[in-house]
Amino acid sequence: MDISASPTIADGPVYTHRTVRLDSGLDLECGVHLAPLEIAYCTYGTLSPKRDNAIVVCHALTGDQYLAEKNPLTGKPGWWSRMVGPGLPIDTDRYFVICSNVLGGCMGTTGPRSICAETGKAWDSEFPPITMHDIVAAQAKLVDHLGIERLFAVIGGSMGGMQALTWAADFPDRVFAVMPIATSPFHSAQNIAFNEVSRQAIFADPDWHNGHYRDFGAIPARGLGVARMMAHITYLSEEALSRKFGRRVRHDAATAVPASSSPSLFGEMFEVESYLRHQGSTFVRRFDANSYLTITRAMDYFDLAAEHDGDLANPFRNSQTRFCVVSFSSDWLFPTSQSRLLVRALNRAGANVSFVEIESDRGHDAFLLDEPDFDRTIRGFINGAAEHAALLEGNR
Amino acid sequence: MRVDQRLIAEMIAPRARVLDVGSGDGTLIDYLYRTRSCDARGIEIDMQNVTQSVAHGLPVMHGDADHDLADYPDDTFDYVVLQRTLQAVERPREVLRQMLRIGRHAIVSFPNFGHWRLRLQLLTTGRMPMTPVWNTPWYSTPNIHPCTIQDFLLLCEEEGYVVQQWLAIDEDGARAPWRRSIRLANLFGEQAMFLLKRAGH
């Protein structure tokens, strides 16, 4: 076990991520023993001498460990740099924040691009199926490695929220507070349907090569791009799209139609089309198709109630964890009704739960955007929980 | 903090588990947590109030008395509090039942429709009374289930609840001097506050 800086195999320049390699590996739910296990991660702030101020932030489907620093692949700021940092709602002056790339990912953690020890070749589409429990078990190994017995909090939005809930269900004694944001205790039929369309788009790409595209020096860029375009629509709302693009048509040299010409089917391009194409084309440069398939499948399998005799309260009974469930009013991918279902189950379990629906017209992505009420909620919940944690400590 | 909230707080034992149904801006649960070390939580229907409470670190969830009490297991709390809200819920009897199922005690306050000013107004003007406490016209009032102190006592009797303590209070929430006679309290108390428990406990 050592902390090393290992290069990621990428279809382009090689990037160096901070990685820990755990030779003991991980037993997956499907029965496969995955070894070695590599986890790429970033940390912010300082671990307290009592090791009691650690917060794990879990990223969403296509996120990564670059939470609050420049992403080396895209050159863009970290995906939650507006939330995590000194003096920010998740205050790195007070808390030690850990964010790791999920199992099955493509930013340095063991995933389809990693080498399979048995074959000596990359897993590619042979990577074993994983679940949200496997993803969280891998994170727990990282937390062990960092010498942290109990986390102060686990926070995550969307698929990150599924991980946060899984932390609370699988390791109730290791998390003091959990914040599931814009998420659900199960993946709905509609969301599985969207994922399936994404996957079929990838399979339909001639460059897919049954998942062994890298052997052919190819990537299924069109399929993955279409998958991203469709998924991106589900992250927004009709109102947000209307406000941002309306029915505006792009007028630039490349797409402009001479005034004299008759109307043609695709002579002009709506701004929303151009935007989605851009989203698709930038995505394929940073994300691996096999990772996309592996992780979307893990989301589809997620159903906490089904795993606990059909009662969502069961995994949380006698839990001492403090919960703060947050939803957004215009989120139709993970609607408030699903958060409310979770809250009801937490009440049935007698858990300590706060629940806020943030008014926003920006859809599912609102959790990544500037929403002052959301910022206040996160800051307040964390600091309130910290106050309680200190009091409990004092009572012991 | 309002005076009647202070009276409620005085009824609650230190370190108790408390659910405040209709917790508003969270004043009472904040007070109970800070001064009495209670495990105090809130349910609130107004989202602005919920956000404000959570932003202050208080455990408050969006919900309401009619729909969100049924989920809690029996005896989750030592006290369940309902301030000035009983007259505005859809099913007051069911809300009380839930309160005394999930809590060992219920603390309920409500404006008294038996107050002499209301009686007099109805008698003399023949119209729905309007007072500082009952200050919305009949067509827009949220108070769909007004009752008098006598009515409430009758319901407690029917349901088998034990009245451990009761107070008549004036509009500002201060204790009114009608301690001994329910009949006088029902005539002169603008609001009432009850500490209840289940019979046989």
# chains A, B, ... in the order shown; residues from 1 in each chain; ligands from 1
call {"tool": "select_by_dssp", "arguments": {"residues": "stretch 11-197 of chain B", "states": "alpha helix (DSSP H)", "output": "PyMOL selection string"}}
result
chain B and resi 11+27-36+47-55+65-68+92-102+116-125+149-159+182-188
call {"tool": "residues_around", "arguments": {"residues": "B:Arg183", "least_positions_apart": "4", "cutoff": "10 Å", "atoms": "only C-alpha atoms", "output": "count of residues only"}}
result
7
call {"tool": "interface_residues", "arguments": {"of": "chain B", "to": "chain A", "cutoff": "9 Å", "atoms": "only C-alpha atoms", "output": "NGL selection string"}}
result
:B and (41-43 or 47 or 50-63 or 68-73 or 76)
call {"tool": "select_by_dssp", "arguments": {"residues": "stretch 47-163 of chain B", "states": "strand (DSSP E)", "output": "PyMOL selection string"}}
result
chain B and resi 60-62+77-83+103-111+161-163
call {"tool": "residues_around", "arguments": {"residues": "A:Val56", "least_positions_apart": "5", "cutoff": "9 Å", "atoms": "only C-alpha atoms", "output": "number ranges by chain"}}
result
A: 96-100, 139, 143, 151-156, 164
call {"tool": "atom_distance", "arguments": {"atom1": "atom CA of A:Met229", "atom2": "atom CA of A:Leu276"}}
result
5.3 Å
call {"tool": "closest_residue", "arguments": {"among": "B:Arg17, B:Trp116, B:Val108, B:Leu154", "to": "B:Trp166", "atoms": "only C-alpha atoms"}}
result
B:Val108
call {"tool": "atom_distance", "arguments": {"atom1": "atom CA of B:Arg6", "atom2": "atom CA of B:Asp64"}}
result
22.8 Å
call {"tool": "closest_residue", "arguments": {"among": "A:Ala122, A:Val136, A:Val175, A:Leu333", "to": "A:Ser237", "atoms": "only C-alpha atoms"}}
result
A:Leu333
call {"tool": "residues_around", "arguments": {"residues": "B:Gly160", "least_positions_apart": "5", "cutoff": "12 Å", "atoms": "only C-alpha atoms", "output": "PyMOL selection string"}}
result
chain B and resi 96-97+100+153-155+196-201
